[in-house]
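query02.cif follows (mmCIF, C-alpha atoms; chains and numbers go by the auth columns):
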```cif
data_structure
loop_
_atom_site.group_PDB
_atom_site.id
_atom_site.type_symbol
_atom_site.label_atom_id
_atom_site.label_comp_id
_atom_site.label_asym_id
_atom_site.label_seq_id
_atom_site.Cartn_x
_atom_site.Cartn_y
_atom_site.Cartn_z
_atom_site.B_iso_or_equiv
_atom_site.auth_seq_id
_atom_site.auth_asym_id
ATOM 1 C CA MET A 1 189.686 291.031 124.417 0.00 12 A
ATOM 2 C CA ASN A 2 187.721 293.867 122.846 0.00 13 A
ATOM 3 C CA ASN A 3 186.166 296.899 124.535 0.00 14 A
ATOM 4 C CA GLY A 4 182.768 295.223 124.824 0.00 15 A
ATOM 5 C CA GLU A 5 184.267 292.334 126.776 0.00 16 A
ATOM 6 C CA ILE A 6 186.114 294.742 129.078 0.00 17 A
ATOM 7 C CA VAL A 7 182.894 296.664 129.759 0.00 18 A
ATOM 8 C CA GLY A 8 181.151 293.380 130.533 0.00 19 A
ATOM 9 C CA LYS A 9 183.835 292.371 133.008 0.00 20 A
ATOM 10 C CA ILE A 10 183.648 295.757 134.757 0.00 21 A
ATOM 11 C CA HIS A 11 179.854 295.414 134.939 0.00 22 A
ATOM 12 C CA ASN A 12 180.211 291.932 136.406 0.00 23 A
ATOM 13 C CA SER A 13 182.723 293.150 138.990 0.00 24 A
ATOM 14 C CA MET A 14 180.410 295.997 140.043 0.00 25 A
ATOM 15 C CA TYR A 15 177.446 293.634 140.272 0.00 26 A
ATOM 16 C CA GLN A 16 179.383 291.199 142.461 0.00 27 A
ATOM 17 C CA GLN A 17 180.473 294.048 144.739 0.00 28 A
ATOM 18 C CA MET A 18 176.867 295.204 145.100 0.00 29 A
ATOM 19 C CA GLN A 19 175.766 291.674 145.996 0.00 30 A
ATOM 20 C CA LYS A 20 178.595 291.173 148.478 0.00 31 A
ATOM 21 C CA ASN A 21 178.974 294.604 150.120 0.00 32 A
ATOM 22 C CA GLY A 22 175.839 296.522 149.201 0.00 33 A
ATOM 23 C CA ILE A 23 178.036 299.179 147.585 0.00 34 A
ATOM 24 C CA ALA A 24 180.336 299.248 144.571 0.00 35 A
ATOM 25 C CA ALA A 25 183.501 301.308 144.229 0.00 36 A
ATOM 26 C CA SER A 26 184.693 302.126 140.738 0.00 37 A
ATOM 27 C CA VAL A 27 188.326 301.825 141.838 0.00 38 A
ATOM 28 C CA GLN A 28 187.735 298.281 143.062 0.00 39 A
ATOM 29 C CA GLY A 29 186.120 297.383 139.752 0.00 40 A
ATOM 30 C CA LEU A 30 189.190 298.554 137.874 0.00 41 A
ATOM 31 C CA MET A 31 191.515 296.778 140.303 0.00 42 A
ATOM 32 C CA ASP A 32 189.608 293.557 139.631 0.00 43 A
ATOM 33 C CA LEU A 33 190.195 294.057 135.909 0.00 44 A
ATOM 34 C CA ILE A 34 193.973 294.677 135.993 0.00 45 A
ATOM 35 C CA PRO A 35 195.007 290.979 136.302 0.00 46 A
ATOM 36 C CA ILE A 36 192.730 290.135 133.375 0.00 47 A
ATOM 37 C CA LEU A 37 194.374 292.812 131.233 0.00 48 A
ATOM 38 C CA PHE A 38 197.854 291.545 132.093 0.00 49 A
ATOM 39 C CA GLN A 39 196.784 287.994 131.269 0.00 50 A
ATOM 40 C CA ASP A 40 195.479 289.180 127.896 0.00 51 A
ATOM 41 C CA GLY A 41 198.846 290.797 127.103 0.00 52 A
ATOM 42 C CA ARG A 42 197.609 294.389 127.357 0.00 53 A
ATOM 43 C CA ASN A 43 199.444 297.019 129.346 0.00 54 A
ATOM 44 C CA PRO A 44 196.889 298.732 131.625 0.00 55 A
ATOM 45 C CA ARG A 45 199.301 301.609 132.204 0.00 56 A
ATOM 46 C CA PRO A 46 199.608 303.834 129.149 0.00 57 A
ATOM 47 C CA VAL A 47 203.110 304.837 128.106 0.00 58 A
ATOM 48 C CA SER A 48 203.726 308.582 128.297 0.00 59 A
#
```
As structure tokens, the full file:
Amino acid sequence: MNNGEIVGKIHNSMYQQMQKNGIAASVQGLMDLIPILFQDGRNPRPVS
């Protein structure tokens, strides 16, 4: 999954939130993306 696909998925999540709730929270959009990143084999938490 490249950056363009990730941006598209975030956009889709925000759009769905707007349709469902009338408001979109950026935190919720990222939370929706975390399972997708784990499925893709990426680690969403950077290593310090």
Self-check item: Computed interatomic separation between CA of Ile34 (chain A) and CA of Ile21 (chain A) (Å)
Solution: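 It comes out at 14.4 Å.
The protein and nucleic acid residues lying at most 12 Å from Ala36 (chain A) are A:Ile21, A:His22, A:Ser24, A:Met25, A:Tyr26, A:Gln27, A:Gln28, A:Met29, A:Asn32, A:Gly33, A:Gln39, A:Gly40, A:Leu41, A:Met42, A:Asp43, with all atoms listed in the file considered and sequence neighbours fewer than 3 positions away removed.
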Quiz item: Hey, can you check how far CA of Asn14 (chain A) sits from CA of Lys31 (chain A)?
Solution: 25.8 Å
May I have the centre and edge lengths, in Å to one decimal, of an axis-aligned box around the listed atoms of region 26-42 of chain A with 4 Å added to every side, as lines of an AutoDock Vina configuration file?
```
center_x = 183.6
center_y = 296.6
center_z = 144.0
size_x = 23.7
size_y = 19.0
size_z = 20.2
```
Would you mind completing region 21-53 of chain A so that it carries N, CA and C atoms, and writing it out as a compact mmCIF listing (two decimals), in the frame of the given file?
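Writing the result to part05.txt gives the following:
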```txt
# COMPACT_ATOMS: atom_id res chain seq x y z
N ILE A 21 183.80 294.70 133.75
CA ILE A 21 183.65 295.76 134.76
C ILE A 21 182.24 295.70 135.34
N HIS A 22 181.24 295.52 134.47
CA HIS A 22 179.85 295.41 134.94
C HIS A 22 179.71 294.24 135.90
N ASN A 23 180.28 293.11 135.56
CA ASN A 23 180.21 291.93 136.41
C ASN A 23 180.88 292.19 137.76
N SER A 24 182.03 292.84 137.75
CA SER A 24 182.72 293.15 138.99
C SER A 24 181.87 294.06 139.88
N MET A 25 181.26 295.07 139.28
CA MET A 25 180.41 296.00 140.04
C MET A 25 179.20 295.26 140.62
N TYR A 26 178.60 294.40 139.82
CA TYR A 26 177.45 293.63 140.27
C TYR A 26 177.81 292.75 141.46
N GLN A 27 178.95 292.07 141.36
CA GLN A 27 179.38 291.20 142.46
C GLN A 27 179.66 292.00 143.72
N GLN A 28 180.23 293.20 143.57
CA GLN A 28 180.47 294.05 144.74
C GLN A 28 179.16 294.46 145.39
N MET A 29 178.17 294.81 144.56
CA MET A 29 176.87 295.20 145.10
C MET A 29 176.22 294.05 145.86
N GLN A 30 176.34 292.84 145.33
CA GLN A 30 175.77 291.67 146.00
C GLN A 30 176.48 291.37 147.31
N LYS A 31 177.79 291.54 147.31
CA LYS A 31 178.60 291.17 148.48
C LYS A 31 178.59 292.26 149.56
N ASN A 32 178.78 293.52 149.16
CA ASN A 32 178.97 294.60 150.12
C ASN A 32 177.82 295.59 150.20
N GLY A 33 176.92 295.55 149.23
CA GLY A 33 175.84 296.52 149.20
C GLY A 33 176.25 297.85 148.61
N ILE A 34 177.51 297.96 148.20
CA ILE A 34 178.04 299.18 147.58
C ILE A 34 179.13 298.77 146.61
N ALA A 35 179.30 299.55 145.57
CA ALA A 35 180.34 299.25 144.57
C ALA A 35 181.23 300.46 144.40
N ALA A 36 182.53 300.24 144.43
CA ALA A 36 183.50 301.31 144.23
C ALA A 36 184.13 301.13 142.85
N SER A 37 184.15 302.22 142.09
CA SER A 37 184.69 302.13 140.74
C SER A 37 186.16 301.72 140.75
N VAL A 38 186.90 302.18 141.74
CA VAL A 38 188.33 301.82 141.84
C VAL A 38 188.48 300.32 142.02
N GLN A 39 187.65 299.73 142.85
CA GLN A 39 187.74 298.28 143.06
C GLN A 39 187.41 297.52 141.78
N GLY A 40 186.45 298.02 141.02
CA GLY A 40 186.12 297.38 139.75
C GLY A 40 187.30 297.38 138.80
N LEU A 41 188.01 298.49 138.74
CA LEU A 41 189.19 298.55 137.87
C LEU A 41 190.32 297.68 138.40
N MET A 42 190.47 297.63 139.73
CA MET A 42 191.52 296.78 140.30
C MET A 42 191.24 295.30 140.01
N ASP A 43 189.96 294.93 139.98
CA ASP A 43 189.61 293.56 139.63
C ASP A 43 189.96 293.24 138.18
N LEU A 44 189.96 294.25 137.34
CA LEU A 44 190.20 294.06 135.91
C LEU A 44 191.68 294.00 135.54
N ILE A 45 192.54 294.59 136.34
CA ILE A 45 193.97 294.68 135.99
C ILE A 45 194.60 293.30 135.75
N PRO A 46 194.39 292.30 136.60
CA PRO A 46 195.01 290.98 136.30
C PRO A 46 194.52 290.39 134.98
N ILE A 47 193.27 290.64 134.63
CA ILE A 47 192.73 290.14 133.38
C ILE A 47 193.43 290.81 132.20
N LEU A 48 193.69 292.11 132.31
CA LEU A 48 194.37 292.81 131.23
C LEU A 48 195.81 292.32 131.07
N PHE A 49 196.49 292.07 132.18
CA PHE A 49 197.85 291.54 132.09
C PHE A 49 197.85 290.16 131.46
N GLN A 50 196.87 289.34 131.81
CA GLN A 50 196.78 287.99 131.27
C GLN A 50 196.54 288.04 129.76
N ASP A 51 195.80 289.03 129.31
CA ASP A 51 195.48 289.18 127.90
C ASP A 51 196.65 289.77 127.10
N GLY A 52 197.70 290.23 127.79
CA GLY A 52 198.85 290.80 127.10
C GLY A 52 198.76 292.30 126.91
N ARG A 53 197.73 292.94 127.45
CA ARG A 53 197.61 294.39 127.36
C ARG A 53 198.38 295.03 128.51
```
